[in-house]
file start.cif (mmCIF, C-alpha atoms)
data_structure
#
loop_
_atom_site.label_atom_id
_atom_site.label_comp_id
_atom_site.auth_asym_id
_atom_site.auth_seq_id
_atom_site.Cartn_x
_atom_site.Cartn_y
_atom_site.Cartn_z
CA MET S 26 -32.55 199.95 -43.77
CA ILE S 27 -33.23 196.86 -41.69
CA ASN S 28 -36.79 195.86 -40.97
CA ILE S 29 -37.19 193.22 -38.29
CA HIS S 30 -40.29 191.48 -36.93
CA ILE S 31 -39.39 188.36 -35.00
CA GLU S 32 -40.68 186.12 -32.25
CA LYS S 33 -38.56 183.55 -30.46
CA LYS S 34 -39.27 181.52 -27.34
CA LEU S 35 -36.49 181.76 -24.77
CA LYS S 36 -35.75 179.44 -21.89
CA GLY S 37 -34.97 181.68 -18.96
CA TYR S 38 -34.39 181.56 -15.25
CA HIS S 39 -38.05 182.38 -14.65
CA GLY S 40 -39.31 179.79 -17.14
CA HIS S 41 -40.21 180.43 -20.75
CA GLN S 42 -40.48 183.94 -22.14
CA VAL S 43 -40.99 185.30 -25.62
CA LEU S 44 -38.51 187.57 -27.34
CA LYS S 45 -40.66 189.77 -29.56
CA ILE S 46 -39.09 192.56 -31.55
CA ASP S 47 -40.59 194.86 -34.18
CA HIS S 48 -38.05 197.44 -35.15
CA LEU S 49 -36.76 199.47 -38.04
CA PHE S 50 -33.05 200.26 -38.02
CA GLY S 51 -32.06 203.18 -40.23
CA ALA S 52 -29.42 202.65 -42.91
CA GLN S 53 -25.91 203.36 -41.63
CA SER S 54 -27.21 204.04 -38.15
CA ILE S 55 -25.51 202.93 -34.96
CA THR S 56 -27.94 201.46 -32.45
CA LYS S 57 -27.22 200.48 -28.92
CA ILE S 58 -29.20 197.48 -27.70
CA TYR S 59 -29.43 197.26 -23.96
CA GLY S 60 -31.37 195.46 -21.30
CA PRO S 61 -31.02 193.01 -18.43
CA SER S 62 -29.09 189.74 -18.64
CA GLY S 63 -31.07 186.88 -20.15
CA ALA S 64 -33.48 189.20 -21.96
CA GLY S 65 -32.43 187.85 -25.36
CA LYS S 66 -29.99 190.48 -26.64
CA THR S 67 -27.42 187.92 -27.85
CA THR S 68 -30.18 185.71 -29.26
CA PHE S 69 -31.49 188.72 -31.17
CA LEU S 70 -28.11 189.33 -32.82
CA LYS S 71 -27.73 185.62 -33.64
CA ILE S 72 -31.20 185.55 -35.22
CA ILE S 73 -30.20 188.45 -37.47
CA ALA S 74 -26.95 186.64 -38.39
CA GLY S 75 -28.86 183.46 -39.26
CA LEU S 76 -27.24 181.44 -36.47
CA ILE S 77 -30.56 180.95 -34.64
CA THR S 78 -33.93 180.55 -36.31
CA PRO S 79 -36.95 182.41 -34.90
CA GLU S 80 -40.33 180.69 -34.60
CA GLN S 81 -41.98 183.51 -36.48
CA GLY S 82 -41.08 186.63 -38.34
CA SER S 83 -39.14 188.31 -41.07
CA ILE S 84 -35.85 190.13 -41.50
CA ILE S 85 -35.42 192.42 -44.49
CA VAL S 86 -32.03 194.07 -44.99
CA ASN S 87 -31.63 196.79 -47.60
CA GLY S 88 -34.61 195.40 -49.52
CA ILE S 89 -33.40 191.80 -49.48
CA THR S 90 -35.37 189.25 -47.47
CA TRP S 91 -32.94 187.36 -45.24
CA GLN S 92 -35.66 185.54 -43.36
CA ASP S 93 -39.35 184.98 -43.73
CA THR S 94 -40.96 182.17 -41.78
CA ASN S 95 -44.14 182.45 -43.87
CA THR S 96 -42.44 181.79 -47.20
CA GLY S 97 -39.63 179.65 -45.75
CA ILE S 98 -36.86 182.02 -46.85
CA ASN S 99 -33.86 181.64 -44.57
CA LEU S 100 -30.52 182.79 -45.96
CA SER S 101 -27.47 181.09 -44.47
CA PRO S 102 -25.00 183.02 -42.30
CA GLN S 103 -22.50 182.63 -45.15
CA THR S 104 -24.86 184.48 -47.51
CA ARG S 105 -25.85 187.12 -44.97
CA MET S 106 -22.20 187.68 -43.94
CA PRO S 107 -22.73 190.16 -41.16
CA GLY S 108 -19.68 191.24 -39.24
CA PHE S 109 -20.14 189.58 -35.86
CA VAL S 110 -18.22 190.30 -32.68
CA PHE S 111 -18.99 187.47 -30.26
CA GLN S 112 -19.29 188.03 -26.54
CA ASP S 113 -16.72 185.27 -25.91
CA TYR S 114 -14.62 186.65 -28.83
CA ALA S 115 -14.71 183.23 -30.59
CA LEU S 116 -11.09 183.59 -31.63
CA PHE S 117 -9.48 180.60 -33.33
CA PRO S 118 -6.81 179.18 -30.97
CA ASN S 119 -4.81 177.74 -33.89
CA MET S 120 -4.42 181.06 -35.72
CA THR S 121 -2.17 184.04 -35.12
CA VAL S 122 -3.48 187.61 -35.12
CA LYS S 123 -2.56 188.00 -38.80
CA GLN S 124 -3.95 184.61 -39.77
CA HIS S 125 -7.31 185.59 -38.25
CA LEU S 126 -7.53 188.54 -40.61
CA GLU S 127 -6.13 186.61 -43.58
CA TYR S 128 -8.78 183.96 -42.99
CA ALA S 129 -11.43 186.66 -43.34
CA THR S 130 -9.98 188.67 -46.25
CA ALA S 131 -7.24 188.59 -48.86
CA ASN S 132 -6.97 192.40 -48.92
CA LYS S 133 -3.47 192.94 -47.41
CA GLU S 134 -3.76 196.72 -47.37
CA TRP S 135 -7.00 196.52 -45.39
CA ILE S 136 -5.43 193.98 -43.02
CA ASN S 137 -2.51 196.32 -42.30
CA ARG S 138 -4.87 199.21 -41.69
CA LEU S 139 -6.97 197.14 -39.30
CA LEU S 140 -3.87 196.00 -37.41
CA LEU S 141 -2.87 199.63 -36.89
CA LEU S 142 -6.41 200.56 -35.90
CA GLY S 143 -6.53 197.85 -33.24
CA LYS S 144 -2.92 198.49 -32.16
CA LEU S 145 -2.05 194.87 -32.86
CA ASP S 146 0.51 195.59 -35.57
CA THR S 147 3.39 194.50 -33.32
CA MET S 148 1.66 191.26 -32.34
CA THR S 149 0.84 189.77 -35.72
CA ASP S 150 2.46 186.41 -34.91
CA HIS S 151 0.81 186.02 -31.50
CA LYS S 152 -1.89 183.42 -30.96
CA PRO S 153 -4.94 184.35 -28.84
CA THR S 154 -3.60 182.62 -25.71
CA HIS S 155 -0.69 185.05 -25.73
CA LEU S 156 -2.89 188.15 -25.93
CA SER S 157 -4.48 190.02 -23.04
CA GLY S 158 -8.28 190.12 -22.71
CA GLY S 159 -8.40 193.59 -24.24
CA GLN S 160 -6.17 192.58 -27.15
CA GLN S 161 -8.32 189.52 -27.80
CA GLN S 162 -11.42 191.68 -27.86
CA ARG S 163 -9.82 194.12 -30.30
CA LEU S 164 -8.84 191.23 -32.55
CA ALA S 165 -12.45 190.00 -32.52
CA ILE S 166 -13.58 193.47 -33.64
CA LEU S 167 -10.91 193.65 -36.37
CA ARG S 168 -11.84 190.19 -37.69
CA ALA S 169 -15.49 191.26 -37.97
CA LEU S 170 -14.46 194.42 -39.81
CA ALA S 171 -12.12 192.50 -42.12
CA ILE S 172 -14.98 191.36 -44.35
CA LYS S 173 -16.13 195.00 -44.76
CA PRO S 174 -19.66 194.18 -43.60
CA LYS S 175 -22.69 196.25 -44.44
CA LEU S 176 -24.23 195.11 -41.16
CA LEU S 177 -22.09 194.84 -38.05
CA LEU S 178 -23.41 192.99 -35.01
CA MET S 179 -21.37 193.53 -31.85
CA ASP S 180 -22.08 191.68 -28.63
CA GLU S 181 -20.53 193.48 -25.65
CA PRO S 182 -17.56 194.46 -27.83
CA PHE S 183 -15.80 196.78 -25.38
CA SER S 184 -16.33 194.97 -22.07
CA ALA S 185 -12.67 193.98 -21.58
CA LEU S 186 -11.17 197.34 -22.55
CA ASP S 187 -9.98 199.93 -20.07
CA PRO S 188 -11.80 203.30 -20.25
CA ALA S 189 -8.98 205.07 -22.11
CA MET S 190 -8.57 202.33 -24.72
CA LYS S 191 -12.36 202.10 -25.07
CA ALA S 192 -12.71 205.84 -25.73
CA GLU S 193 -9.81 205.82 -28.20
CA LEU S 194 -11.10 202.77 -30.08
CA ILE S 195 -14.67 204.11 -30.24
CA ALA S 196 -13.36 207.38 -31.64
CA GLU S 197 -11.42 205.52 -34.32
CA LEU S 198 -14.19 203.06 -35.14
CA LYS S 199 -16.84 205.68 -35.88
CA PRO S 200 -15.23 206.94 -39.12
CA VAL S 201 -14.55 203.32 -40.16
CA PHE S 202 -18.26 202.49 -39.77
CA LYS S 203 -19.03 205.52 -41.93
CA GLU S 204 -16.47 204.56 -44.55
CA LEU S 205 -17.90 201.03 -44.76
CA LYS S 206 -21.44 202.46 -44.86
CA ALA S 207 -22.26 199.88 -42.24
CA THR S 208 -25.34 199.68 -40.08
CA VAL S 209 -24.17 198.81 -36.60
CA LEU S 210 -26.00 197.12 -33.72
CA ILE S 211 -24.11 197.09 -30.44
CA VAL S 212 -25.30 195.09 -27.47
CA SER S 213 -24.39 196.42 -24.06
CA HIS S 214 -25.79 195.51 -20.67
CA ASN S 215 -24.61 198.86 -19.34
CA PRO S 216 -27.26 201.58 -19.91
CA VAL S 217 -24.74 204.45 -19.65
CA GLU S 218 -22.02 202.92 -21.82
CA LEU S 219 -21.08 203.98 -25.37
CA GLU S 220 -22.07 207.63 -24.98
CA GLY S 221 -21.21 209.51 -28.16
CA LEU S 222 -21.08 206.40 -30.34
CA PHE S 223 -24.70 205.47 -30.99
CA ASP S 224 -27.52 207.37 -32.72
CA ASN S 225 -30.40 205.26 -31.41
CA ALA S 226 -31.09 202.86 -28.58
CA LEU S 227 -33.30 199.79 -28.35
CA TYR S 228 -34.29 198.32 -25.04
CA ILE S 229 -34.89 194.58 -24.84
CA GLY S 230 -36.32 193.07 -21.70
CA GLY S 231 -39.94 194.01 -21.12
CA ASP S 232 -41.12 197.23 -19.51
CA LEU S 233 -38.67 199.89 -18.49
CA MET J 22 11.58 132.91 -36.25
CA ASP J 23 8.71 133.92 -38.56
CA LEU J 24 8.12 137.68 -38.30
CA SER J 25 5.36 137.76 -40.92
CA PRO J 26 2.59 137.97 -38.23
CA ILE J 27 4.19 141.17 -36.93
CA TRP J 28 4.37 142.74 -40.40
CA LEU J 29 0.82 141.59 -41.16
CA THR J 30 -0.41 143.11 -37.90
CA LEU J 31 1.30 146.43 -38.62
CA LYS J 32 -0.12 146.42 -42.17
CA LEU J 33 -3.61 145.66 -40.85
CA ALA J 34 -3.38 148.38 -38.19
CA THR J 35 -2.11 150.95 -40.73
CA VAL J 36 -4.78 150.19 -43.34
CA THR J 37 -7.56 150.07 -40.74
CA THR J 38 -6.46 153.34 -39.12
CA PHE J 39 -6.26 155.05 -42.52
CA PHE J 40 -9.78 154.03 -43.55
CA LEU J 41 -11.18 154.75 -40.11
CA LEU J 42 -9.67 158.22 -40.16
CA LEU J 43 -11.29 158.91 -43.53
CA ALA J 44 -14.68 157.62 -42.39
CA GLY J 45 -14.47 158.51 -38.69
CA LEU J 46 -13.87 162.25 -39.13
CA PRO J 47 -17.12 163.04 -40.98
CA VAL J 48 -19.10 160.60 -38.83
CA ALA J 49 -17.76 162.16 -35.60
CA TRP J 50 -18.48 165.64 -36.96
CA TRP J 51 -22.03 164.68 -37.89
CA LEU J 52 -22.64 163.07 -34.49
CA SER J 53 -21.22 166.12 -32.68
CA LYS J 54 -23.77 168.45 -34.27
CA GLY J 55 -27.03 168.33 -32.32
CA ARG J 56 -29.00 165.32 -31.22
CA SER J 57 -31.76 163.23 -32.74
CA PHE J 58 -33.18 159.75 -32.18
CA PHE J 59 -31.58 158.55 -35.41
CA LYS J 60 -28.16 159.84 -34.32
CA THR J 61 -28.56 158.11 -30.95
CA ILE J 62 -29.21 154.80 -32.72
CA ILE J 63 -26.19 155.23 -35.02
CA GLU J 64 -23.98 156.19 -32.07
CA ALA J 65 -25.16 153.13 -30.14
CA ILE J 66 -24.33 150.87 -33.12
CA ILE J 67 -20.85 152.42 -33.43
CA THR J 68 -20.26 151.98 -29.67
CA MET J 69 -21.50 148.34 -29.56
CA PRO J 70 -18.07 146.77 -30.28
CA LEU J 71 -16.80 148.28 -27.00
CA VAL J 72 -19.08 146.02 -24.97
CA LEU J 73 -19.92 143.19 -27.36
CA PRO J 74 -17.75 140.03 -27.05
CA PRO J 75 -15.41 140.10 -30.09
CA SER J 76 -16.35 136.52 -30.94
CA VAL J 77 -20.02 137.57 -31.26
CA LEU J 78 -19.14 140.33 -33.71
CA GLY J 79 -16.82 137.95 -35.57
CA PHE J 80 -19.53 135.30 -35.73
CA TYR J 81 -22.09 137.66 -37.26
CA LEU J 82 -19.52 139.02 -39.72
CA LEU J 83 -18.69 135.44 -40.66
CA LEU J 84 -22.37 134.74 -41.31
CA ALA J 85 -22.97 138.03 -43.13
CA PHE J 86 -20.00 137.69 -45.47
CA SER J 87 -20.06 133.95 -46.04
CA PRO J 88 -19.68 133.45 -49.82
CA ARG J 89 -22.50 130.87 -49.70
CA HIS J 90 -25.37 133.30 -49.15
CA GLY J 91 -26.56 136.87 -48.79
CA VAL J 92 -24.22 139.84 -49.10
CA GLY J 93 -21.12 137.61 -49.14
CA LYS J 94 -22.44 135.63 -52.10
CA TRP J 95 -23.37 138.80 -53.96
CA LEU J 96 -19.91 140.33 -53.37
CA GLN J 97 -18.29 137.11 -54.54
CA ASP J 98 -20.46 136.83 -57.67
CA ALA J 99 -20.52 140.50 -58.65
CA PHE J 100 -17.01 141.71 -57.73
CA ASN J 101 -15.10 138.53 -56.90
CA ILE J 102 -14.46 139.91 -53.41
CA GLN J 103 -14.29 137.48 -50.51
CA PHE J 104 -14.22 138.83 -46.97
CA VAL J 105 -14.06 135.52 -45.15
CA PHE J 106 -10.57 134.09 -44.48
CA SER J 107 -8.88 136.96 -46.33
CA PHE J 108 -6.91 140.10 -45.47
CA GLN J 109 -9.74 142.38 -46.64
CA GLY J 110 -12.00 140.51 -44.21
CA LEU J 111 -9.61 141.37 -41.40
CA VAL J 112 -9.67 145.02 -42.48
CA LEU J 113 -13.48 145.06 -42.52
CA ALA J 114 -13.72 143.40 -39.10
CA SER J 115 -11.07 145.72 -37.62
CA PHE J 116 -12.81 148.73 -39.18
CA ILE J 117 -16.05 147.90 -37.39
CA TYR J 118 -14.39 146.71 -34.19
CA SER J 119 -12.11 149.76 -33.77
CA MET J 120 -14.58 152.42 -34.96
CA PRO J 121 -15.56 153.61 -31.45
CA PHE J 122 -11.90 154.28 -30.68
CA MET J 123 -11.66 156.64 -33.66
CA VAL J 124 -15.10 158.27 -33.49
CA GLY J 125 -15.40 158.66 -29.70
CA PRO J 126 -12.44 160.96 -28.94
CA ILE J 127 -12.99 163.09 -32.07
CA LYS J 128 -16.69 163.53 -31.37
CA SER J 129 -16.07 164.50 -27.73
CA ALA J 130 -13.37 166.99 -28.74
CA LEU J 131 -15.62 168.61 -31.36
CA GLN J 132 -18.45 168.89 -28.84
CA GLN J 133 -16.16 170.59 -26.35
CA LEU J 134 -15.18 173.33 -28.78
CA PRO J 135 -17.31 176.46 -28.23
CA ALA J 136 -20.13 176.63 -30.81
CA SER J 137 -19.13 180.24 -31.46
CA LEU J 138 -15.91 179.13 -33.20
CA ALA J 139 -17.80 177.56 -36.10
CA GLN J 140 -20.40 180.35 -36.00
CA ALA J 141 -17.67 183.00 -36.31
CA SER J 142 -16.28 181.18 -39.33
CA TYR J 143 -19.73 180.99 -40.97
CA THR J 144 -20.29 184.72 -40.54
CA LEU J 145 -16.99 185.27 -42.36
CA GLY J 146 -18.58 183.51 -45.32
CA LYS J 147 -16.76 180.19 -44.87
CA THR J 148 -18.49 176.95 -45.79
CA GLN J 149 -18.95 174.07 -43.35
CA TRP J 150 -16.10 172.19 -45.05
CA GLN J 151 -13.72 175.19 -44.87
CA THR J 152 -14.66 175.66 -41.22
CA PHE J 153 -14.10 171.97 -40.48
CA LYS J 154 -10.71 171.94 -42.20
CA LYS J 155 -9.31 175.30 -41.08
CA VAL J 156 -10.91 175.88 -37.68
CA LEU J 157 -12.29 172.71 -36.10
CA ILE J 158 -9.70 170.06 -37.01
CA PRO J 159 -6.62 172.15 -36.11
CA ASN J 160 -8.13 172.82 -32.69
CA ILE J 161 -8.69 169.18 -31.79
CA LYS J 162 -5.21 167.92 -32.76
CA PRO J 163 -4.42 166.24 -29.41
CA SER J 164 -7.72 164.33 -29.48
CA LEU J 165 -7.19 163.44 -33.12
CA LEU J 166 -3.78 162.00 -32.31
CA THR J 167 -5.25 160.10 -29.36
CA ALA J 168 -7.94 158.64 -31.63
CA ILE J 169 -5.39 157.59 -34.27
CA VAL J 170 -3.08 155.94 -31.75
CA LEU J 171 -5.91 154.24 -29.84
CA THR J 172 -7.31 152.86 -33.09
CA PHE J 173 -3.90 151.64 -34.22
CA ALA J 174 -3.03 150.11 -30.85
CA HIS J 175 -6.46 148.50 -30.50
CA THR J 176 -6.15 146.92 -33.95
CA LEU J 177 -2.74 145.54 -32.99
CA GLY J 178 -4.35 143.70 -30.10
CA GLU J 179 -7.41 142.24 -31.82
CA PHE J 180 -7.89 138.54 -31.38
CA GLY J 181 -11.41 137.15 -31.25
CA VAL J 182 -12.94 139.03 -34.13
CA VAL J 183 -10.01 138.45 -36.51
CA LEU J 184 -9.81 134.77 -35.58
CA MET J 185 -13.50 134.32 -36.33
CA ILE J 186 -13.52 135.99 -39.74
CA GLY J 187 -9.92 135.42 -40.79
CA GLY J 188 -8.90 132.15 -39.21
CA ASN J 189 -5.20 131.38 -38.87
CA ILE J 190 -3.70 131.31 -42.38
CA PRO J 191 0.07 132.02 -42.31
CA GLY J 192 0.97 135.16 -44.24
CA VAL J 193 -2.68 135.96 -44.98
CA THR J 194 -4.65 136.23 -41.73
CA ARG J 195 -2.31 135.07 -38.98
CA VAL J 196 -1.75 138.32 -37.10
CA ALA J 197 0.56 138.65 -34.08
CA SER J 198 -2.10 138.06 -31.40
CA ILE J 199 -3.13 134.82 -33.13
CA ALA J 200 0.53 133.84 -33.56
CA VAL J 201 0.99 134.22 -29.77
CA TYR J 202 -1.98 131.93 -29.12
CA ASP J 203 -0.82 129.47 -31.78
CA SER J 204 2.73 129.37 -30.36
CA VAL J 205 1.45 128.67 -26.86
CA GLU J 206 -0.76 125.89 -28.23
CA ARG J 207 2.37 124.34 -29.76
CA MET J 208 4.28 124.86 -26.46
CA ASP J 209 6.67 127.20 -28.32
CA TYR J 210 6.95 129.72 -25.50
CA SER J 211 10.04 131.37 -26.98
CA SER J 212 8.15 132.51 -30.11
CA ALA J 213 5.11 133.47 -28.04
CA ASN J 214 7.35 135.60 -25.85
CA THR J 215 9.00 137.31 -28.85
CA TYR J 216 5.66 138.17 -30.47
CA SER J 217 4.26 139.36 -27.14
CA LEU J 218 7.30 141.47 -26.33
CA ILE J 219 7.28 143.15 -29.75
CA LEU J 220 3.54 143.93 -29.42
CA PHE J 221 4.08 145.18 -25.88
CA CYS J 222 6.93 147.49 -26.91
CA ILE J 223 5.12 148.94 -29.95
CA THR J 224 1.97 149.62 -27.93
CA PHE J 225 3.89 151.11 -25.02
CA LEU J 226 5.87 153.43 -27.30
CA MET J 227 2.69 154.60 -29.03
CA VAL J 228 0.79 155.29 -25.84
CA ILE J 229 3.70 157.11 -24.23
CA SER J 230 4.19 159.26 -27.34
CA VAL J 231 0.55 160.36 -27.09
CA PHE J 232 1.02 161.38 -23.46
CA VAL J 233 4.20 163.30 -24.29
CA PHE J 234 2.69 165.04 -27.33
CA ASN J 235 -0.56 165.97 -25.61
CA LYS J 236 1.26 167.36 -22.59
CA TYR J 237 3.43 169.44 -24.90
CA GLN J 238 0.32 170.67 -26.74
CA ALA J 239 -1.43 171.69 -23.53
CA LYS J 240 1.50 173.73 -22.34
CA SER J 241 1.95 177.33 -23.35
CA PRO J 242 5.41 178.07 -24.78
CA LEU J 243 5.51 181.19 -22.58
CA GLU J 244 5.03 179.19 -19.37
#
call {"tool": "encode", "arguments": {"input": "start.cif", "output": "C-alpha cells"}}
result
Amino acid sequence: MINIHIEKKLKGYHGHQVLKIDHLFGAQSITKIYGPSGAGKTTFLKIIAGLITPEQGSIIVNGITWQDTNTGINLSPQTRMPGFVFQDYALFPNMTVKQHLEYATANKEWINRLLLLGKLDTMTDHKPTHLSGGQQQRLAILRALAIKPKLLLMDEPFSALDPAMKAELIAELKPVFKELKATVLIVSHNPVELEGLFDNALYIGGDL
Amino acid sequence: MDLSPIWLTLKLATVTTFFLLLAGLPVAWWLSKGRSFFKTIIEAIITMPLVLPPSVLGFYLLLAFSPRHGVGKWLQDAFNIQFVFSFQGLVLASFIYSMPFMVGPIKSALQQLPASLAQASYTLGKTQWQTFKKVLIPNIKPSLLTAIVLTFAHTLGEFGVVLMIGGNIPGVTRVASIAVYDSVERMDYSSANTYSLILFCITFLMVISVFVFNKYQAKSPLE
C-alpha cells in the first residue's frame, strides 16, 4: 500500500500552479495516471522516486516512510529503488542492450528472460543508437524490471510502440507485475490508452 | 643542441595534465550539478587565468610562495618544499594556469548530458560514484580527450607564468618556450627555430588527433 500526500509548486505556461495529491494506491495494483501536459504527472513520479523533493507532504510505502517533510525523512532514490521508466528512456549511450541489464542486476537467468520478454534477445550487443524507438522503449522497460522492483513507475512507457506490439507487451507484462508483486503507476496523456491493463485511474490536472 | 628544455616541457605537461585530470574531474562534476553563489565564485576563480595576464598570476605566485614569508616560508620550514625557482613550482603554476582548460570542457559536457541518465542510474541503486564512473564519464569521452589535449598543449606553450615563478635555470626550470626566448636573446636563431618547430609539430599533431578522434566518435559505425 502506498499512501501519498504531497504538495509541490510547479512553474507552468500559465504561471505557478500547485501540484497537490492525496491518494492511496492499493498494494499490487496497477494505476493509470492521466491528465493534460504540464499538469505534473512526471513530477509526481519523480517525487515518489526521490528525484524531486516536494515542499510539503509524506510518502509511505508498505509501512515504510520514504518521505516526510515534517520530520525531515527523505530516503535517497538508491534506497527507495523504484523501477523507473523515463519518458525520454534515459538509456546509457555507452552500454549495449545486455550491459544495460547487467548494470542493473547480476541475475543472468532473469536477464535472459527479460530479453525474451522484450524481444531484444537477438540484439544484445546493440547500443541504443542502433535500436529503433520502440526497441529503445522496450529496453527502458526491461531495465526498470531488472531490479525486480516492488514499485514500478512508468512515464509514457508505450508511446513509441505500434498498436500490435503494445498489446502484446502489455499482455506479457501483466503476469510479470503479478509475479514481482509490484505496485505499478503508469503515466499516460491518452485517456483511452492502456485499456485492460490498469485497475484504477488517477487524474492529475485540476477539474475534469 | 641542448634538448633538455623539450624533455622538461614534456615532463611538465605530463605531470600537470595528470594532476589536473585527478583534480579537474571531481571539480567539473561538482560545478556541473546545480548553481549557487559559492559555485559561481569558485568557477570565476578557476576561469581567471584565461583572462589574467600570465605575468600577473606568476607575480602573485612568486609572492605567495616566496620562502621568506607566509605560506612559502611555512612550506620551507615544515616540509622543506620550495616552490620558487623549482620544478614543483612550475607544476603548481601550470596547474593553476591550465585548470580552466581541463575543467571547462568536462563541465560543459556533463551539463549537456540529460539529467535523466544519472537519475536512471540512481533508481537502479547505484551510488553517485558508480554513476559517475560507469555512466557519466564514458559518455563524455570526446570532451574528456579534448580537455586532456588542451591542457597538455596549453602547458607546452606557457611562458610568462613559468618565467615568473621558475626563472630560467637550465635543466630545472628552463622549458622550451623560455629556451626559444633565451635563444633569440642570444641571437641563436637556429636553436630558437629548432625549439619552435618541435613545439609546433607536437601541438599540431595533438590538436589534429583530437579532431580525428572526435569525428570518429561522433559517427555511427552503421552510417
call {"tool": "residues_around", "arguments": {"input": "start.cif", "residues": "segment 114-122 of chain S", "least_positions_apart": "2", "cutoff": "10 Å", "atoms": "only C-alpha atoms", "output": "PyMOL selection string"}}
result
(chain S and resi 109-112+124-128+140+145-156+158+160-168+180-182) or (chain J and resi 135-142+155-162)
call {"tool": "resolve_selection", "arguments": {"input": "start.cif", "expression": "the PyMOL selection byres ((chain J and resi 197-200) around 6)", "output": "list in words"}}
result
Pro26, Ile27, Thr30, Phe180, Arg195, Val196, Val201, Tyr202, Asp203 and Ser204 of chain J
call {"tool": "resolve_selection", "arguments": {"input": "start.cif", "expression": "the PyMOL selection byres ((chain J and resi 44) around 12)", "output": "PyMOL selection string"}}
result
chain J and resi 37-43+45-51+116-117+119-121+123-124+127
call {"tool": "closest_residue", "arguments": {"input": "start.cif", "among": "J:Phe225, J:Phe234, J:Phe104, J:Trp150", "to": "Leu165 of chain J", "atoms": "all atoms listed in the file"}}
result
J:Phe234
call {"tool": "closest_residue", "arguments": {"input": "start.cif", "among": "S:Ile55, S:Leu186, S:Ile72, S:Ala226", "to": "Glu32 of chain S", "atoms": "only C-alpha atoms"}}
result
S:Ile72
call {"tool": "closest_residue", "arguments": {"input": "start.cif", "among": "S:Gly51, S:Gly221, S:Gly159, S:Gly108", "to": "chain J", "atoms": "only C-alpha atoms"}}
result
S:Gly108
call {"tool": "atom_distance", "arguments": {"input": "start.cif", "atom1": "atom CA of Lys32 of chain J", "atom2": "atom CA of Tyr216 of chain J"}}
result
15.4 Å
call {"tool": "closest_residue", "arguments": {"input": "start.cif", "among": "J:Lys154, J:Lys147, J:Lys128, J:Lys54", "to": "chain S", "atoms": "only C-alpha atoms"}}
result
J:Lys147
call {"tool": "axis_aligned_box", "arguments": {"input": "start.cif", "around": "segment 32-49 of chain S", "padding_each_side": "4 Å", "output": "lines of an AutoDock Vina configuration file"}}
result
center_x = -37.7
center_y = 189.5
center_z = -26.3
size_x = 14.6
size_y = 28.0
size_z = 31.4
call {"tool": "closest_residue", "arguments": {"input": "start.cif", "among": "S:Ala171, S:Ile27, S:Ala64, S:Ile195", "to": "chain J", "atoms": "all atoms listed in the file"}}
result
S:Ala171
call {"tool": "residues_around", "arguments": {"input": "start.cif", "residues": "Thr68 of chain S", "least_positions_apart": "3", "cutoff": "9 Å", "atoms": "all atoms listed in the file", "output": "ChimeraX atom specification"}}
result
/S:33,35,44,64-65,71-73,76-77
call {"tool": "write_last_selection", "arguments": {"input": "start.cif", "atoms": "C-alpha atoms", "output": "PDB file, in the frame of the given file"}}
result
ATOM      1  CA  LYS S  33     -38.560 183.550 -30.460  1.00  0.00           C
ATOM      2  CA  LEU S  35     -36.490 181.760 -24.770  1.00  0.00           C
ATOM      3  CA  LEU S  44     -38.510 187.570 -27.340  1.00  0.00           C
ATOM      4  CA  ALA S  64     -33.480 189.200 -21.960  1.00  0.00           C
ATOM      5  CA  GLY S  65     -32.430 187.850 -25.360  1.00  0.00           C
ATOM      6  CA  LYS S  71     -27.730 185.620 -33.640  1.00  0.00           C
ATOM      7  CA  ILE S  72     -31.200 185.550 -35.220  1.00  0.00           C
ATOM      8  CA  ILE S  73     -30.200 188.450 -37.470  1.00  0.00           C
ATOM      9  CA  LEU S  76     -27.240 181.440 -36.470  1.00  0.00           C
ATOM     10  CA  ILE S  77     -30.560 180.950 -34.640  1.00  0.00           C
TER      11      ILE S  77
END
call {"tool": "atom_distance", "arguments": {"input": "start.cif", "atom1": "atom CA of His214 of chain S", "atom2": "atom CA of Arg105 of chain S"}}
result
25.7 Å
call {"tool": "closest_residue", "arguments": {"input": "start.cif", "among": "S:Lys175, S:Lys57, S:Lys34, S:Arg138", "to": "Lys123 of chain S", "atoms": "all atoms listed in the file"}}
result
S:Arg138
call {"tool": "atom_distance", "arguments": {"input": "start.cif", "atom1": "atom CA of Ala207 of chain S", "atom2": "atom CA of Gly60 of chain S"}}
result
23.3 Å
call {"tool": "resolve_selection", "arguments": {"input": "start.cif", "expression": "the PyMOL selection byres ((chain S and resi 59) around 7)", "output": "PyMOL selection string"}}
result
chain S and resi 57-58+60+212-216+227-229
call {"tool": "residues_around", "arguments": {"input": "start.cif", "residues": "segment 84-99 of chain J", "least_positions_apart": "3", "cutoff": "12 Å", "atoms": "all atoms listed in the file", "output": "compact mmCIF listing (two decimals) with C-alpha atoms, in the frame of the given file"}}
result
# COMPACT_ATOMS: atom_id res chain seq x y z
CA VAL J 77 -20.02 137.57 -31.26
CA LEU J 78 -19.14 140.33 -33.71
CA GLY J 79 -16.82 137.95 -35.57
CA PHE J 80 -19.53 135.30 -35.73
CA TYR J 81 -22.09 137.66 -37.26
CA ILE J 102 -14.46 139.91 -53.41
CA GLN J 103 -14.29 137.48 -50.51
CA PHE J 104 -14.22 138.83 -46.97
CA VAL J 105 -14.06 135.52 -45.15
CA PHE J 106 -10.57 134.09 -44.48
CA SER J 107 -8.88 136.96 -46.33
CA GLN J 109 -9.74 142.38 -46.64
CA GLY J 110 -12.00 140.51 -44.21
CA LEU J 111 -9.61 141.37 -41.40
CA LEU J 113 -13.48 145.06 -42.52
CA ALA J 114 -13.72 143.40 -39.10
CA MET J 185 -13.50 134.32 -36.33
CA ILE J 186 -13.52 135.99 -39.74
CA GLY J 187 -9.92 135.42 -40.79
call {"tool": "decode", "arguments": {"input": "start.cif", "residues": "segment 125-136 of chain J", "atoms": "C-alpha atoms", "output": "compact mmCIF listing (two decimals), in the first residue's frame"}}
result
# COMPACT_ATOMS: atom_id res chain seq x y z
CA GLY J 125 35.70 23.88 -18.74
CA PRO J 126 35.16 21.20 -21.41
CA ILE J 127 34.38 18.48 -18.84
CA LYS J 128 31.88 20.66 -17.00
CA SER J 129 30.11 21.67 -20.23
CA ALA J 130 29.93 18.05 -21.40
CA LEU J 131 28.48 16.87 -18.08
CA GLN J 132 25.89 19.65 -18.17
CA GLN J 133 24.84 18.65 -21.66
CA LEU J 134 24.10 15.07 -20.66
CA PRO J 135 20.37 14.60 -19.92
CA ALA J 136 19.73 14.68 -16.16
